[in-house]
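> My structure file run-v7.txt, compact mmCIF, C-alpha atoms, is below:
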# COMPACT_ATOMS: atom_id res chain seq x y z
CA MET B 464 99.45 53.62 60.08
CA SER B 465 97.60 54.76 63.23
CA GLY B 466 99.76 52.41 65.36
CA ALA B 467 102.93 53.93 63.92
CA ILE B 468 101.67 57.45 64.66
CA LEU B 469 100.75 56.47 68.23
CA PHE B 470 104.18 54.91 68.74
CA PHE B 471 105.82 58.07 67.35
CA LEU B 472 103.91 60.33 69.75
CA LEU B 473 104.64 58.13 72.78
CA PHE B 474 108.31 58.03 71.87
CA HIS B 475 108.52 61.83 71.70
CA LEU B 476 106.58 62.28 74.95
CA LEU B 477 108.90 59.86 76.77
CA ALA B 478 111.96 61.54 75.25
CA ALA B 479 110.70 64.98 76.31
CA GLY B 480 110.10 63.74 79.87
CA TRP B 481 113.54 62.19 80.00
CA VAL B 482 115.19 65.42 78.78
CA TRP B 483 113.15 67.51 81.31
CA ALA B 484 114.22 65.21 84.15
CA LEU B 485 117.86 65.61 83.18
CA THR B 486 117.76 69.40 82.72
CA THR B 487 115.54 70.31 85.69
CA GLU B 488 117.42 70.61 88.98
CA ILE B 489 115.66 69.33 92.06
CA PRO B 490 116.63 71.70 94.92
CA TYR B 491 118.72 70.26 97.71
CA LEU B 492 117.67 72.85 100.30
CA SER B 493 114.23 73.26 101.84
CA VAL B 494 112.86 74.98 104.93
CA GLY B 495 110.33 73.18 107.09
CA ASP B 496 108.16 70.91 104.99
CA GLY B 497 109.04 72.86 101.85
CA SER B 498 105.53 74.17 101.24
CA VAL B 499 106.06 77.69 102.62
CA SER B 500 108.64 80.27 101.51
CA GLU B 501 107.67 83.15 103.82
CA PHE B 502 107.80 82.96 107.61
CA SER B 503 106.53 85.43 110.20
CA PHE B 504 108.13 86.40 113.52
CA PRO B 505 107.53 89.22 116.04
CA GLU B 506 109.98 92.10 116.29
CA HIS B 507 112.93 91.98 118.70
CA SER B 508 112.82 88.24 119.29
CA GLN B 509 115.04 85.22 118.66
CA GLY B 510 114.05 82.46 116.26
CA ILE B 511 115.28 79.29 114.56
CA LEU B 512 114.81 78.01 111.00
CA LEU B 513 115.24 74.29 110.28
CA VAL B 514 116.86 73.86 106.85
CA SER B 515 116.91 70.39 105.32
CA SER B 516 119.64 69.33 102.89
CA HIS B 517 119.32 66.40 100.45
CA TYR B 518 122.82 66.78 99.06
CA PRO B 519 124.76 63.50 99.38
CA GLY B 520 128.18 65.07 99.97
CA PRO B 521 129.37 64.62 103.58
CA ASP B 522 131.33 67.90 103.75
CA ALA B 523 128.56 70.26 102.64
CA TRP B 524 127.99 73.41 104.67
CA LEU B 525 125.28 76.06 104.70
CA ARG B 526 125.76 79.82 104.55
CA VAL B 527 122.80 82.16 105.16
CA ASP B 528 122.81 85.95 104.70
CA SER B 529 120.02 88.38 105.49
CA LEU B 530 119.52 91.01 102.77
CA GLU B 531 117.86 93.32 105.33
CA PRO B 532 120.09 93.22 108.46
CA THR B 533 117.96 95.76 110.33
CA VAL B 534 114.97 93.40 110.01
CA ILE B 535 116.71 90.01 110.46
CA ALA B 536 120.24 89.42 111.74
CA ILE B 537 121.69 85.89 111.32
CA GLU B 538 123.43 84.84 114.54
CA ASN B 539 124.62 81.25 114.08
CA ILE B 540 124.30 78.11 111.95
CA THR B 541 124.69 74.64 113.46
CA VAL B 542 124.44 71.12 112.03
CA SER B 543 121.19 69.33 112.79
CA TRP B 544 120.13 65.72 112.37
CA GLY B 545 119.81 64.09 108.96
CA ARG B 546 122.28 66.43 107.20
CA GLY B 547 120.12 69.42 108.12
CA PHE B 548 121.01 72.78 109.65
CA MET B 549 119.60 75.02 112.37
CA VAL B 550 119.78 78.76 111.56
CA GLY B 551 119.50 81.03 114.60
CA PHE B 552 118.50 84.65 114.02
CA GLN B 553 117.45 87.82 115.84
CA SER B 554 114.54 89.86 114.52
CA GLY B 555 114.75 93.65 114.64
CA LEU B 556 112.54 96.28 113.04
CA PRO B 557 109.23 95.34 111.37
CA GLY B 558 109.63 94.61 107.67
CA LEU B 559 110.46 91.91 105.13
CA ALA B 560 113.93 90.33 104.96
CA PRO B 561 114.85 88.13 101.97
CA LEU B 562 117.36 85.38 102.78
CA GLN B 563 120.23 84.23 100.61
CA MET B 564 121.10 80.56 101.22
CA GLN B 565 124.22 78.96 99.77
CA LEU B 566 125.06 75.25 100.04
CA LEU B 567 128.87 75.00 99.91
CA GLU B 568 131.30 72.13 99.48
CA GLN B 569 134.98 73.05 99.84
CA SER B 570 134.30 76.69 98.86
CA ARG B 571 132.31 75.55 95.81
CA ILE B 572 128.70 76.71 95.58
CA VAL B 573 126.52 73.62 95.11
CA GLU B 574 123.22 75.46 95.29
CA LYS B 575 122.06 79.04 95.83
CA ARG B 576 118.50 79.95 96.82
CA MET B 577 116.95 83.38 97.38
CA ASP B 578 113.24 82.53 97.51
CA PHE B 579 112.92 82.31 101.29
CA ARG B 580 112.08 85.39 103.36
CA ILE B 581 111.11 86.31 106.90
CA ARG B 582 108.46 88.92 107.68
CA VAL B 583 108.85 90.65 111.04
CA HIS B 584 105.63 92.09 112.44
CA ALA B 585 105.24 94.72 115.15
CA ARG B 586 104.16 93.83 118.63
CA SER B 587 101.31 95.58 120.40
CA PRO B 588 101.97 99.34 120.55
CA GLU B 589 103.63 100.63 123.69
CA PRO B 590 101.99 103.29 125.85
CA VAL B 591 102.21 106.75 124.36
CA ALA B 592 103.91 108.00 127.52
CA ARG B 593 107.29 106.75 126.24
CA SER B 594 107.05 108.73 123.02
CA GLY B 595 109.61 111.49 122.76
CA LEU B 596 107.19 113.49 120.57
CA GLY B 597 104.54 113.32 123.27
CA HIS B 598 106.98 114.66 125.87
CA PHE B 599 107.95 117.46 123.52
CA SER B 600 104.40 118.75 123.11
CA GLU B 601 103.81 118.69 126.86
CA ASN B 602 107.06 120.40 127.85
CA PRO B 603 106.47 123.78 129.56
CA VAL B 604 109.71 125.15 128.06
CA LEU B 605 108.04 125.05 124.63
CA TYR B 606 105.17 127.27 125.81
CA ALA B 607 107.66 129.67 127.37
CA LEU B 608 109.57 129.93 124.08
CA LEU B 609 106.54 130.43 121.80
CA PRO B 610 105.83 134.11 122.69
CA LEU B 611 109.57 134.79 122.54
CA ILE B 612 109.69 133.25 119.06
CA PHE B 613 106.76 135.42 117.95
CA LEU B 614 108.34 138.62 119.28
CA ASN B 615 111.66 137.69 117.69
CA LYS B 616 110.04 137.20 114.30
CA CYS B 617 108.26 140.56 114.70
CA ALA B 618 111.65 142.14 115.34
CA PHE B 619 112.97 140.58 112.14
CA GLY B 620 110.03 142.11 110.30
CA CYS B 621 111.17 145.50 111.60
CA LYS B 622 114.56 144.97 109.92
CA ILE B 623 113.15 144.32 106.45
CA GLU B 624 113.79 147.09 103.95
CA VAL B 625 111.18 147.42 101.20
CA GLU B 626 113.81 148.65 98.74
CA ALA B 627 115.94 145.55 99.38
CA LEU B 628 112.88 143.36 98.86
CA GLN B 629 112.13 145.04 95.53
CA LYS B 630 115.76 144.58 94.45
CA LEU B 631 115.54 140.88 95.30
CA VAL B 632 112.51 140.55 93.01
CA ARG B 633 114.53 142.02 90.13
CA GLN B 634 117.64 139.92 90.94
CA PRO B 635 116.53 136.61 92.49
CA HIS B 636 119.97 134.97 92.24
CA PRO B 637 120.32 134.18 95.98
CA VAL B 638 116.91 132.50 96.06
CA MET B 639 117.70 130.38 93.00
CA LEU B 640 121.06 129.36 94.48
CA GLY B 641 119.32 128.35 97.70
CA ILE B 642 116.83 126.13 95.88
CA LEU B 643 119.64 124.56 93.83
CA GLY B 644 121.66 123.78 96.95
CA GLN B 645 118.76 122.66 99.15
CA PHE B 646 116.86 120.43 96.74
CA VAL B 647 119.49 119.22 94.25
CA ILE B 648 122.99 119.08 95.72
CA MET B 649 122.21 118.46 99.41
CA PRO B 650 120.01 115.35 98.75
CA LEU B 651 122.79 113.96 96.53
CA TYR B 652 125.26 114.53 99.35
CA GLY B 653 122.96 112.75 101.81
CA TYR B 654 122.69 109.78 99.46
CA LEU B 655 126.48 109.60 98.97
CA MET B 656 127.02 109.75 102.74
CA SER B 657 124.53 106.93 103.29
CA VAL B 658 126.44 104.79 100.78
CA ALA B 659 129.86 105.75 102.16
CA PHE B 660 128.85 104.90 105.75
CA SER B 661 126.82 101.79 104.68
CA LEU B 662 123.78 103.04 106.60
CA PRO B 663 120.75 100.74 106.97
CA LYS B 664 117.91 101.69 104.62
CA PRO B 665 115.71 103.47 107.23
CA LEU B 666 118.63 105.61 108.42
CA ALA B 667 119.78 106.27 104.85
CA LEU B 668 116.31 107.41 103.83
CA GLY B 669 116.04 109.56 106.96
CA LEU B 670 119.35 111.26 106.10
CA VAL B 671 118.31 111.89 102.48
CA ILE B 672 114.95 113.36 103.54
CA SER B 673 116.75 115.59 106.07
CA CYS B 674 119.01 116.84 103.28
CA SER B 675 115.95 117.40 101.05
CA SER B 676 114.31 119.82 103.50
CA PRO B 677 113.92 123.58 102.90
CA GLY B 678 115.63 126.28 104.92
CA GLY B 679 114.86 126.35 108.62
CA GLY B 680 113.27 129.20 110.52
CA GLY B 681 116.56 129.85 112.31
CA GLY B 682 118.37 130.73 109.09
CA TYR B 683 117.60 134.45 109.17
CA LEU B 684 118.38 134.47 112.90
CA TYR B 685 121.91 133.27 112.17
CA SER B 686 122.15 135.67 109.23
CA LEU B 687 121.52 138.56 111.59
CA LEU B 688 124.09 137.38 114.14
CA LEU B 689 126.75 136.64 111.48
CA GLY B 690 126.36 139.78 109.38
CA GLY B 691 124.16 138.40 106.62
CA ASP B 692 121.32 139.99 104.66
CA VAL B 693 118.17 139.50 106.75
CA THR B 694 115.76 140.47 103.95
CA VAL B 695 117.30 137.91 101.62
CA ALA B 696 117.31 135.29 104.39
CA ILE B 697 113.61 135.69 105.17
CA SER B 698 112.68 135.65 101.47
CA MET B 699 114.77 132.52 100.86
CA THR B 700 113.18 130.70 103.81
CA LEU B 701 109.64 131.54 102.68
CA LEU B 702 110.18 130.63 99.02
CA SER B 703 112.11 127.42 99.76
CA THR B 704 109.29 126.30 102.07
CA VAL B 705 106.80 126.85 99.24
CA ALA B 706 109.06 124.98 96.80
CA ALA B 707 109.32 122.11 99.30
CA THR B 708 105.72 121.05 98.58
CA GLY B 709 106.86 119.76 95.19
CA LEU B 710 110.64 119.35 95.30
CA MET B 711 110.94 117.64 98.70
CA PRO B 712 108.73 114.61 97.84
CA LEU B 713 110.27 114.41 94.35
CA SER B 714 113.81 114.25 95.71
CA SER B 715 112.90 111.89 98.57
CA THR B 716 111.04 109.49 96.29
CA PHE B 717 113.87 109.38 93.74
CA TYR B 718 116.56 108.61 96.31
CA GLY B 719 114.22 106.27 98.16
CA TRP B 720 113.95 104.30 94.91
CA LEU B 721 117.76 104.25 94.59
CA LEU B 722 118.05 102.97 98.16
CA GLY B 723 115.44 100.27 97.55
CA ALA B 724 112.98 101.74 100.05
CA HIS B 725 109.59 101.38 98.38
CA GLU B 726 107.39 102.71 101.19
CA THR B 727 105.03 105.55 100.30
CA LEU B 728 106.24 108.93 101.50
CA HIS B 729 103.63 111.35 102.78
CA VAL B 730 104.12 115.08 102.30
CA PRO B 731 103.08 117.00 105.45
CA PHE B 732 101.21 119.78 103.59
CA LEU B 733 99.54 120.98 106.79
CA LYS B 734 102.91 121.18 108.54
CA ILE B 735 104.34 123.18 105.63
CA LEU B 736 101.34 125.55 105.69
CA ILE B 737 101.71 126.08 109.44
CA THR B 738 105.43 126.78 108.95
CA LEU B 739 104.65 129.38 106.29
CA LEU B 740 102.05 131.08 108.48
CA PHE B 741 104.32 130.98 111.52
CA ILE B 742 106.99 132.82 109.53
CA ALA B 743 104.81 135.17 107.48
CA VAL B 744 102.33 136.43 110.11
CA PRO B 745 104.75 137.77 112.76
CA ILE B 746 107.19 139.11 110.16
CA SER B 747 104.34 140.96 108.40
CA SER B 748 103.27 142.28 111.81
CA GLY B 749 106.81 143.54 112.38
CA MET B 750 106.81 145.36 109.03
CA LEU B 751 103.50 146.99 110.01
CA VAL B 752 104.89 147.99 113.43
CA LYS B 753 107.89 149.57 111.71
CA CYS B 754 105.60 151.77 109.62
CA LYS B 755 102.99 152.66 112.25
CA LEU B 756 104.81 152.42 115.60
CA PRO B 757 108.47 153.39 115.10
CA ARG B 758 109.22 153.59 118.86
CA ILE B 759 108.13 150.00 119.47
CA SER B 760 110.06 149.02 116.37
CA ARG B 761 113.27 150.52 117.82
CA LEU B 762 112.67 148.67 121.10
CA LEU B 763 112.24 145.35 119.29
CA LEU B 764 115.43 145.92 117.33
CA LEU B 765 117.32 146.44 120.62
CA LEU B 766 115.99 143.12 121.95
CA ILE B 767 116.52 141.05 118.81
CA LYS B 768 120.05 139.81 119.60
CA PRO B 769 119.45 138.75 123.23
CA PHE B 770 116.19 137.10 122.11
CA SER B 771 118.10 135.30 119.37
CA PHE B 772 120.74 133.93 121.73
CA THR B 773 118.03 132.72 124.11
CA LEU B 774 116.23 130.95 121.27
CA ILE B 775 119.41 129.22 120.08
CA ILE B 776 120.07 127.81 123.56
CA GLY B 777 116.40 126.92 124.05
CA GLY B 778 116.25 125.26 120.62
CA LEU B 779 119.31 123.17 121.41
CA PHE B 780 117.78 122.04 124.71
CA MET B 781 114.42 121.23 123.10
CA ALA B 782 116.03 119.31 120.23
CA TYR B 783 117.96 117.14 122.68
CA HIS B 784 114.91 116.64 124.91
CA MET B 785 112.68 115.77 121.96
CA GLY B 786 115.13 113.22 120.59
CA ALA B 787 116.40 111.71 123.84
CA PHE B 788 114.20 108.62 123.56
CA ILE B 789 114.84 108.12 119.83
CA LEU B 790 118.61 108.58 120.26
CA GLU B 791 118.94 105.97 123.02
CA ASN B 792 120.59 103.41 120.71
CA VAL B 793 122.01 105.74 118.06
CA GLN B 794 124.58 104.27 115.69
CA PRO B 795 128.02 105.95 115.41
CA ALA B 796 127.82 105.95 111.60
CA ILE B 797 124.73 108.20 111.47
CA VAL B 798 126.35 110.54 114.03
CA LEU B 799 129.41 110.97 111.83
CA ALA B 800 127.31 111.42 108.69
CA GLY B 801 124.90 113.84 110.39
CA ILE B 802 127.67 116.06 111.75
CA THR B 803 129.03 116.64 108.23
CA VAL B 804 125.67 117.71 106.73
CA PRO B 805 125.52 121.31 108.10
CA ILE B 806 129.26 121.82 107.48
CA PHE B 807 128.95 120.71 103.86
CA GLY B 808 125.83 122.86 103.37
CA LEU B 809 127.55 125.97 104.72
CA LEU B 810 130.59 125.48 102.48
CA LEU B 811 128.42 124.64 99.47
CA GLY B 812 126.21 127.71 99.84
CA TYR B 813 129.18 130.04 100.25
CA LEU B 814 130.95 128.54 97.25
CA LEU B 815 127.86 128.89 95.02
CA ALA B 816 127.38 132.52 96.08
CA TRP B 817 131.09 133.28 95.59
CA CYS B 818 131.04 131.80 92.08
CA LEU B 819 128.10 134.06 91.21
CA GLY B 820 129.91 137.11 92.59
CA LEU B 821 127.34 138.01 95.25
CA PRO B 822 128.33 140.57 97.91
CA GLY B 823 129.64 139.41 101.31
CA PRO B 824 126.37 139.63 103.32
CA GLN B 825 124.47 137.67 100.66
CA ARG B 826 127.23 135.03 100.51
CA ARG B 827 126.83 134.45 104.24
CA THR B 828 123.06 134.31 103.89
CA VAL B 829 123.07 131.78 101.05
CA SER B 830 125.62 129.72 102.99
CA ILE B 831 123.42 129.67 106.10
CA GLU B 832 120.18 129.00 104.22
CA VAL B 833 121.69 125.95 102.49
CA GLY B 834 123.42 124.69 105.64
CA VAL B 835 120.58 125.17 108.14
CA GLN B 836 117.59 123.08 107.06
CA ASN B 837 114.17 122.47 108.56
CA SER B 838 114.67 119.10 110.22
CA LEU B 839 111.17 119.18 111.74
CA LEU B 840 109.68 118.79 108.25
CA ALA B 841 111.90 115.74 107.65
CA LEU B 842 110.75 114.36 110.99
CA ALA B 843 107.11 114.86 110.02
CA VAL B 844 107.62 112.99 106.72
CA LEU B 845 109.20 110.01 108.49
CA GLN B 846 106.61 109.85 111.27
CA LEU B 847 103.76 109.94 108.72
CA SER B 848 105.29 107.43 106.33
CA PHE B 849 106.41 104.44 108.42
CA GLU B 850 105.35 102.23 111.26
CA ARG B 851 106.27 103.63 114.63
CA THR B 852 109.36 101.52 115.27
CA GLN B 853 110.84 102.15 111.83
CA ALA B 854 109.86 105.84 111.98
CA ASP B 855 111.69 106.30 115.29
CA PHE B 856 114.75 104.49 113.93
CA ALA B 857 114.81 106.58 110.74
CA SER B 858 114.21 109.77 112.78
CA GLN B 859 117.68 109.46 114.27
CA ALA B 860 118.95 111.18 111.12
CA PRO B 861 116.97 114.47 111.33
CA PHE B 862 117.59 114.67 115.08
CA ILE B 863 121.35 114.29 114.62
CA VAL B 864 121.33 116.86 111.80
CA ALA B 865 119.26 119.29 113.90
CA LEU B 866 121.52 118.94 116.95
CA SER B 867 124.66 119.25 114.83
CA SER B 868 123.33 122.26 112.97
CA THR B 869 122.36 124.14 116.15
CA SER B 870 125.62 123.29 117.93
CA GLU B 871 127.83 124.20 114.96
CA MET B 872 126.00 127.46 114.29
CA LEU B 873 126.22 128.38 117.97
CA LEU B 874 130.00 127.85 117.81
CA LEU B 875 130.16 130.04 114.70
CA VAL B 876 128.16 132.81 116.39
CA LEU B 877 130.31 132.71 119.53
CA GLY B 878 133.50 132.59 117.45
CA ASN B 879 132.35 135.55 115.36
CA LEU B 880 131.43 137.47 118.51
CA ALA B 881 134.84 136.78 120.07
CA TYR B 882 136.62 137.76 116.85
CA SER B 883 134.68 141.03 116.58
CA LYS B 884 135.63 141.88 120.18
CA LEU B 885 139.31 141.07 119.72
CA CYS B 886 139.64 142.51 116.20
CA PRO B 887 137.00 145.24 115.88
CA THR B 888 138.44 146.57 112.61
CA GLY B 889 138.18 143.14 110.96
CA SER B 890 134.62 142.39 112.14
Just give me the structure as C-alpha cells.


Amino acid sequence: MSGAILFFLLFHLLAAGWVWALTTEIPYLSVGDGSVSEFSFPEHSQGILLVSSHYPGPDAWLRVDSLEPTVIAIENITVSWGRGFMVGFQSGLPGLAPLQMQLLEQSRIVEKRMDFRIRVHARSPEPVARSGLGHFSENPVLYALLPLIFLNKCAFGCKIEVEALQKLVRQPHPVMLGILGQFVIMPLYGYLMSVAFSLPKPLALGLVISCSSPGGGGGYLYSLLLGGDVTVAISMTLLSTVAATGLMPLSSTFYGWLLGAHETLHVPFLKILITLLFIAVPISSGMLVKCKLPRISRLLLLLIKPFSFTLIIGGLFMAYHMGAFILENVQPAIVLAGITVPIFGLLLGYLLAWCLGLPGPQRRTVSIEVGVQNSLLALAVLQLSFERTQADFASQAPFIVALSSTSEMLLLVLGNLAYSKLCPTGS
C-alpha cells in the first residue's frame, strides 16, 4: 500500500512539473548577463545596451521604446553577434526611464518585456555663477525697482475707498469668481494644454502649477490702467494668495498624479507670507497716508500711472533676464501653450463676471485677476520640489507664462491708451 501511495505522489509531482514546463514561458530577451533589470548612467551622455535574443527565428527584430523620453531617448538599434542587438541611447534629465522591448517577426510580436529600466543620475553640480536665479538676485535693476514698487503700492492704498471695501464684504462675488477661475478652471486648462501639445512630464507639471497660482501683484496695476476696480483687485489678490496655501498644493498634486509625476511638491509658505506682507504693508501705509496726509496722497495719485508703466517695462526686462539661462533650449510646444494661458484666463474671467451680471469695472478686474497669475510662486514650488536640472527644465513653463502675461497686458494697456486718445467719448 505504501509503495502505491509513493508511486501516486511521484506521478503527480512529475506531471505537475511537466505541465509547469509547458505553460511557463522562458524569456527570449535578456540584457547583459540577465541578473540585473535596472541600469545607471550619468545625465547628458551616450550609452549602449547589449540585448541578447534566444529566439531561433532568423528574421526576428528588436524594437525598444523609452517611456520617459526626457530621461532616455533611444537613438538606434543594430544587430550584434549571436542574434543579439546593440541599443544606442542618449540620456537626458535625471530620473527613471522604463523601457518597452518588443521582439518582432514579420510584424508579429513574439515577446514583449517592460521590466528593464535605466536610471539617469545627475553629475556634479555646476558652479552657482551660471544660475539664472543667482543673477536675478544680484542685478542692480532689482534694487532700483524695489523702492518704486513700494511707493507704487502706497499709491494704490491711497485709491482704496473704505465704502467700496465694506460693500465687497457684503457681496464677495468677484472674489469667489476669482478663486473659481484661478484654482479650478485654470489648472484644468493647463492640464488639457499639456495633453494637447504632448508636453514632457516636467514641462506639463510646470504648466499646471503655473495655472494653479493665485493672482499676481501686477493685477491691480493693470486694473487701474484699464479702468477696473482697484479696491476689488487688491482684495482679490490678497485673498487668493491666502487661499493658495491650501488650494495650490491640492490642485498641483491632483494633476501631478494624473500626469504620472509622483515627486513630492513643496509649498513655499514663507514665499507666500512674504508676498502677503509685501502687498499688505505698503497698501495699508497708503490708506494711512490718505487719512493723515492728504497732500502727499494727492501727489502719489499723480505719480501712480507713470510709476506703473515703468514697473511694467522693468518687470518685462527682469523676467527675461531671470529666465535667459533657463530658456536657452526652450521647446516650441511650451511657448505655444504658455502664450495661450493669459489670453484664456482673461477671457474666462470676463465671461464669468458677465454671466454673474457684474458692472463693467468689476468685469475687467475679475478678468485681469484670473488672467494675470503669480508665476514666481510657481517657480518657487518647482525649484523646491525637484533636482536642479529637472527644476530648471520645468521652470520654462512659468517663465513663458510670465513673459507672455506681461507682454500681452502691455499691449492691452497701450491699445487702450491709443483708443482713449482717438475715441475719447468711447474710453

> Compare B:Ser554, B:Ser748, B:Thr541, B:Ser570 by their minimum atom-to-atom distance to Ile623 in chain B, counting only C-alpha atoms, and give me the closest one.

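Ranked by minimum distance to Ile623 in chain B, first place goes to B:Ser748.
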
> From the options B:Gly547, B:Pro505, B:Pro561, B:Gly644, which residue's atoms come nearest to Ala585 in chain B, counting all atoms listed in the file?

B:Pro505

> Using only C-alpha atoms, find each residue of range 734-805 of chain B with at least one atom at most 9 Å away from an atom of range 697-702 of chain B; report its shortest atom-to-atom pair and that distance in Å (one decimal), sort the rows by chain and rising residue number, and return the result as JSON lines.


{"residue": "B:Thr738", "atom": "CA", "partner": "B:Leu701", "partner_atom": "CA", "distance": 8.9}
{"residue": "B:Leu739", "atom": "CA", "partner": "B:Leu701", "partner_atom": "CA", "distance": 6.5}
{"residue": "B:Ile742", "atom": "CA", "partner": "B:Leu701", "partner_atom": "CA", "distance": 7.5}
{"residue": "B:Ala743", "atom": "CA", "partner": "B:Leu701", "partner_atom": "CA", "distance": 7.7}
{"residue": "B:Ile746", "atom": "CA", "partner": "B:Ile697", "partner_atom": "CA", "distance": 8.8}

> Of the residues B:Val638, B:Val744, B:Ile797, B:Leu821, which is the one nearest to Ala659 in chain B, using all atoms listed in the file?

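Smallest distance to Ala659 in chain B is found for B:Ile797.
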
> Nearest to Ile802 in chain B: which of B:Ser867, B:Ala843, B:Leu875, B:Pro610 is it, counting only C-alpha atoms?

B:Ser867

> In Å to one decimal, how far is CA of Asp522 in chain B from CA of Val573 in chain B?

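One can read the CA of Val573 in chain B to CA of Asp522 in chain B distance as 11.4 Å.
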
> For a test of reading the model, state the distance in Å between CA of Phe717 in chain B and CA of Pro532 in chain B, rounded to one decimal.

22.7 Å

> Regenerate range 491-514 of chain B at the level of N, CA and C atoms and dump it as a short mmCIF file (atom, residue, chain, number, x, y, z; two decimals), in the coordinates of the input.


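As written to disk, result.cif reads:
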data_model
loop_
_atom_site.label_atom_id
_atom_site.label_comp_id
_atom_site.auth_asym_id
_atom_site.auth_seq_id
_atom_site.Cartn_x
_atom_site.Cartn_y
_atom_site.Cartn_z
N TYR B 491 118.24 71.02 96.56
CA TYR B 491 118.72 70.26 97.71
C TYR B 491 118.18 70.83 99.02
N LEU B 492 118.03 72.18 99.06
CA LEU B 492 117.67 72.85 100.30
C LEU B 492 116.17 73.08 100.39
N SER B 493 115.63 72.94 101.58
CA SER B 493 114.23 73.26 101.84
C SER B 493 114.10 73.67 103.30
N VAL B 494 113.11 74.51 103.58
CA VAL B 494 112.86 74.98 104.93
C VAL B 494 111.53 74.41 105.41
N GLY B 495 111.56 73.81 106.58
CA GLY B 495 110.33 73.18 107.09
C GLY B 495 109.92 72.02 106.21
N ASP B 496 108.64 71.97 105.86
CA ASP B 496 108.16 70.91 104.99
C ASP B 496 108.28 71.27 103.52
N GLY B 497 108.82 72.45 103.23
CA GLY B 497 109.04 72.86 101.85
C GLY B 497 107.85 73.49 101.17
N SER B 498 106.73 73.62 101.87
CA SER B 498 105.53 74.17 101.24
C SER B 498 105.38 75.68 101.43
N VAL B 499 106.18 76.26 102.31
CA VAL B 499 106.06 77.69 102.62
C VAL B 499 107.41 78.35 102.38
N SER B 500 107.40 79.54 101.76
CA SER B 500 108.64 80.27 101.51
C SER B 500 108.74 81.55 102.33
N GLU B 501 107.65 81.95 102.99
CA GLU B 501 107.67 83.15 103.82
C GLU B 501 107.26 82.80 105.25
N PHE B 502 108.05 83.27 106.21
CA PHE B 502 107.80 82.96 107.61
C PHE B 502 107.66 84.25 108.39
N SER B 503 106.84 84.22 109.44
CA SER B 503 106.53 85.43 110.20
C SER B 503 107.02 85.29 111.64
N PHE B 504 107.65 86.36 112.15
CA PHE B 504 108.13 86.40 113.52
C PHE B 504 107.86 87.78 114.10
N PRO B 505 107.69 87.89 115.43
CA PRO B 505 107.53 89.22 116.04
C PRO B 505 108.85 89.97 116.10
N GLU B 506 108.77 91.28 116.22
CA GLU B 506 109.98 92.10 116.29
C GLU B 506 110.73 91.85 117.60
N HIS B 507 112.05 92.06 117.53
CA HIS B 507 112.93 91.98 118.70
C HIS B 507 112.78 90.65 119.44
N SER B 508 112.90 89.57 118.69
CA SER B 508 112.82 88.24 119.29
C SER B 508 113.82 87.32 118.59
N GLN B 509 114.14 86.21 119.24
CA GLN B 509 115.04 85.22 118.66
C GLN B 509 114.24 84.09 118.05
N GLY B 510 114.74 83.55 116.94
CA GLY B 510 114.05 82.46 116.26
C GLY B 510 115.01 81.48 115.63
N ILE B 511 114.47 80.34 115.18
CA ILE B 511 115.28 79.29 114.56
C ILE B 511 114.56 78.80 113.30
N LEU B 512 115.31 78.64 112.23
CA LEU B 512 114.81 78.01 111.00
C LEU B 512 115.49 76.65 110.85
N LEU B 513 114.69 75.62 110.55
CA LEU B 513 115.24 74.29 110.28
C LEU B 513 115.36 74.13 108.77
N VAL B 514 116.58 73.98 108.29
CA VAL B 514 116.86 73.86 106.85
C VAL B 514 117.30 72.44 106.57
#
